[in-house]
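The structure appears below as structure tokens.
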Amino acid sequence: MPTFAFALGLPTLSGSGRCIDCFFPSPLKQPAGALEAAIGEWFTPGEAMLEPEAARAFIEARQPQAAPLLEADRPLIAVLLPEDAPIASTAEAFLKLHLLSHRLALPNTLNLDGIFAHLQTVAWTTEGAVALEELAERQLRARVRGLHFEVLSVDKFPKMANYVVPSGVRIADSSRIRLGAYLGEGTTVMPPGSINFNAGALGPNMVEGRISQGVVLGQESDLGGAASTMGTLAGGGEIVISIGRQCLIGANGGTGIPLGDRCTIEAGLYITAGTRVALIDADGQRQGPVKARELAGRSDLLFIRHSETGEVQCRVNRKAIALNEQLHAHN
Amino acid sequence: MPTFAFALGLPTLSGSGRCIDCFFPSPLKQPAGALEAAIGEWFTPGEAMLEPEAARAFIEARQPQAAPLLEADRPLIAVLLPEDAPIASTAEAFLKLHLLSHRLALPNTLNLDGIFAHLQTVAWTTEGAVALEELAERQLRARVRGLHFEVLSVDKFPKMANYVVPSGVRIADSSRIRLGAYLGEGTTVMPPGSINFNAGALGPNMVEGRISQGVVLGQESDLGGAASTMGTLAGGGEIVISIGRQCLIGANGGTGIPLGDRCTIEAGLYITAGTRVALIDADGQRQGPVKARELAGRSDLLFIRHSETGEVQCRVNRKAIALNEQLHAHN
Amino acid sequence: MPTFAFALGLPTLSGSGRCIDCFFPSPLKQPAGALEAAIGEWFTPGEAMLEPEAARAFIEARQPQAAPLLEADRPLIAVLLPEDAPIASTAEAFLKLHLLSHRLALPNTLNLDGIFAHLQTVAWTTEGAVALEELAERQLRARVRGLHFEVLSVDKFPKMANYVVPSGVRIADSSRIRLGAYLGEGTTVMPPGSINFNAGALGPNMVEGRISQGVVLGQESDLGGAASTMGTLAGGGEIVISIGRQCLIGANGGTGIPLGDRCTIEAGLYITAGTRVALIDADGQRQGPVKARELAGRSDLLFIRHSETGEVQCRVNRKAIALNEQLHAHN
């Protein structure tokens, strides 16, 4: 039987025994050969709770880096997905989010149908995931005991960095990146930046703006401070936004159309699909205007709002984008 | 004697004995009947410190959900406000902020005079509220002991979620919502969103922008990413901003005027009270321009900056606002 | 021998013994007289690890506020810089960042050459600084033990507030201010605000926007919500941005040029160095347009985009800036 994905980890159970969170230290996608055979030998499709001892042979042979799991004083969870089917449980949802953040799958390549239905809204606290029906009493009891109990977020999605920090990234504020975000090598996310699940930056990238669900930022492209990318969940409609290589969306700018490579949107300008844009070619000849959606995905475009006439224009992006190397190495 | 508000809780005292924070698990506003009578029997107007045992009869009879308070090894605080008078102490300020966040009072309905004078700037840390004069030594001593001591904010207002998480909300980053915010059922606050005290969203709402002090967002209205609402504390002047039902302020947009129902401001456009706006009626006839403040509170308006002429226009908002149901159910 | 800077503190060492973080409770810049003599007597130039006992005489005589250091059960670190030379170690980098945040040096006055090379990217967690090569195992072991281990950021720079909270400031979310930021007395940083290292606000200021590396905001100037200042690391090029006194950059606005005193940029307008700006003098006479960089550093300018013509204009800023006193005292 084929194995689409497999992981062994630690669930967080609510007081009533519901699984509200899973941590998978070493998820696998499409394992092959002896590894796949070992999974098939030790585990069955679907999910199962098991005593750590029951996973000893597999872990010692195949995932020695997960050996601390054997010291757990509570059951582990194993999830084996034969195929990339719709999500049918909380544990499956967490496994797919792990695949994205572990860089085992790119955004928009996994079947995430059902994810909202199978993720519960949970309080993410300094004591871990807490079911909402238990929260008020937990807060009160902590106060009574003189302890501090911090509620960091209340969401279906936890923050990525508490599950995995992929190599070569910098994250100014981990609360702004959900589990399920994809951060390629060399991605820096500054304080105003945020990345949703099933969205990401291929790296290297400087992300000071918002990467909405479904949006992917190509290599060497930068999102300026508070720059916006319209997501399919947030009014972006049918068009899935992607941004190619070596693009720059200036600070406080935004796009509602996909961009090809080497495109620039000047700081403060928001291009929506319906924006009427005058085209100015390399010889200064005017055409159009056209709706911005007609320019979707094209390369070498420079979008500005002319500061004397207020006209939104699209010009040939003559400037080679000399990406500040220091910007990517450091900030 | 009438009771405007009452609460029993746990104070945090500074080393010198000042009350710098209060946690009230079950605040009450305008209790009636037997509950009001019980409060009058057991407590006197004003605030008082009392041993937990002294509150046992009241808690067991009237607030069993607060029973863990009886296990405290330090005094409780009781605050009884006969009327909605100006704030006269730190504990009173905390009680009124709790009323707002527990959805017992809408923004702009409580007398908050004196709140700034009675709230001290405090370090909110992973060890709870710490008076600023004690902070440097606490930080140093924690380091010496090899412990981590995290200073999360330095502010008069703590974060709401450490006091109450009202039902049916999602909060991506709790540090952006102050105690005293009002989050109605169905409110989702994404990473760029923030809500000040005495401000809020009636729910359901998607809040990805900033709700300033005094501002209320009506049902089924959305604030796009980094969208701005001018607050009375931040240059908005005399006009209190409110936003009606089914409005949309696009990403990186903003408003300095109140909006009625079914209004849209396009992404990236900031309307201030003084913006001169051309009016285009349903038949395409032009009027005006008028200052935007003359349009304050009107419904069914669509604000755009024409992308060919740079003119700010106000049109009839023909599009029924088909709020993405999924947007409110999930994100 | 002259002493440019000196500090005694606690380092965090990685498992392999690398210094990845230093906490200096009482850094000194250009100490004089008996203090300088005492430093010269007890310490040698450069950095050294020493047992707490070896620092007893100095601390008791010269830095009694640092006495808790004597209780450490591990070595201290002493750093003595004879001159303001390029940074040559992690400890030196931390010392210079401390000088800035302790208000001992203004931004752009220290030699920070080499800082990126000598600061490692570290996970900043609820257990303190953790070397990245140790992070995954630490996370897994904490989960196995049922403990919560929070990764707050992954960055070369930690958050300032965990090292020092200068007097008279308010910080809504400490994760947005790096160590090395300069916050003058009376600085309030609201949720959308952020301040990079070697950047700051002289105070009093309301900071609801982004202060990029190298940028300084003058007294009584305000940065509106999500307002942007271009940094030299982020495409701002050669011009170092500074903003004079009593300026206002409106919400969602931004500047790519330095401003003198009493300048205003209206909400939503982004001025870049290349923006062509029409000049309107006090008598309403037009000149220009000129590129905004020609206006760099001039005072009493009001920048708007005319809402009827879309033209970016620079007018004489007639309005006395009546800074809302309450804004600075409270928010």
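Following the order of the structure tokens, first chain is A, next is B, and so on, with residues numbered from 1 inside each chain and ligands from 1 in the order they appear.
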- If we count only C-alpha atoms, what is near B:Thr272 at a cut-off of 7 Å, once residues fewer than 3 positions away on the same chain are taken out, given as a PyMOL selection string? chain B and resi 255-257+275+292
- Task: Hey, list the chain A side of the contact with chain B: 8 Å cut-off, only C-alpha atoms, answer as a ChimeraX atom specification.
- Result: /A:116,121,136,139-141,143-145,147-156,175-176,192,194,226,228,233-235,252-254,268-270,272,275-278,309-312
- Task: From a DSSP pass on the backbone, collect the residues of stretch 115-283 of chain A flagged as strand (DSSP E or B) and hand them back as a ChimeraX atom specification.
- Result: /A:122-126,128-131,151-155,159,170-171,177-178,181-183,187-189,194-195,199-201,205-207,210-211,216-217,222-223,228-229,242-243,248-249,254-255,259,264-265,270-271,276-280
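Among the candidates C:Ala123, C:Leu35, C:Ala105, C:Ala131, the one nearest to C:Gly200 when counting only C-alpha atoms is C:Ala105.
Neighbouring residues of B:Leu104 at 9 Å or closer, counting only C-alpha atoms and skipping chain neighbours under 5 positions away, are B:Pro27, B:Leu28, B:Lys29, B:His98, B:Leu99.
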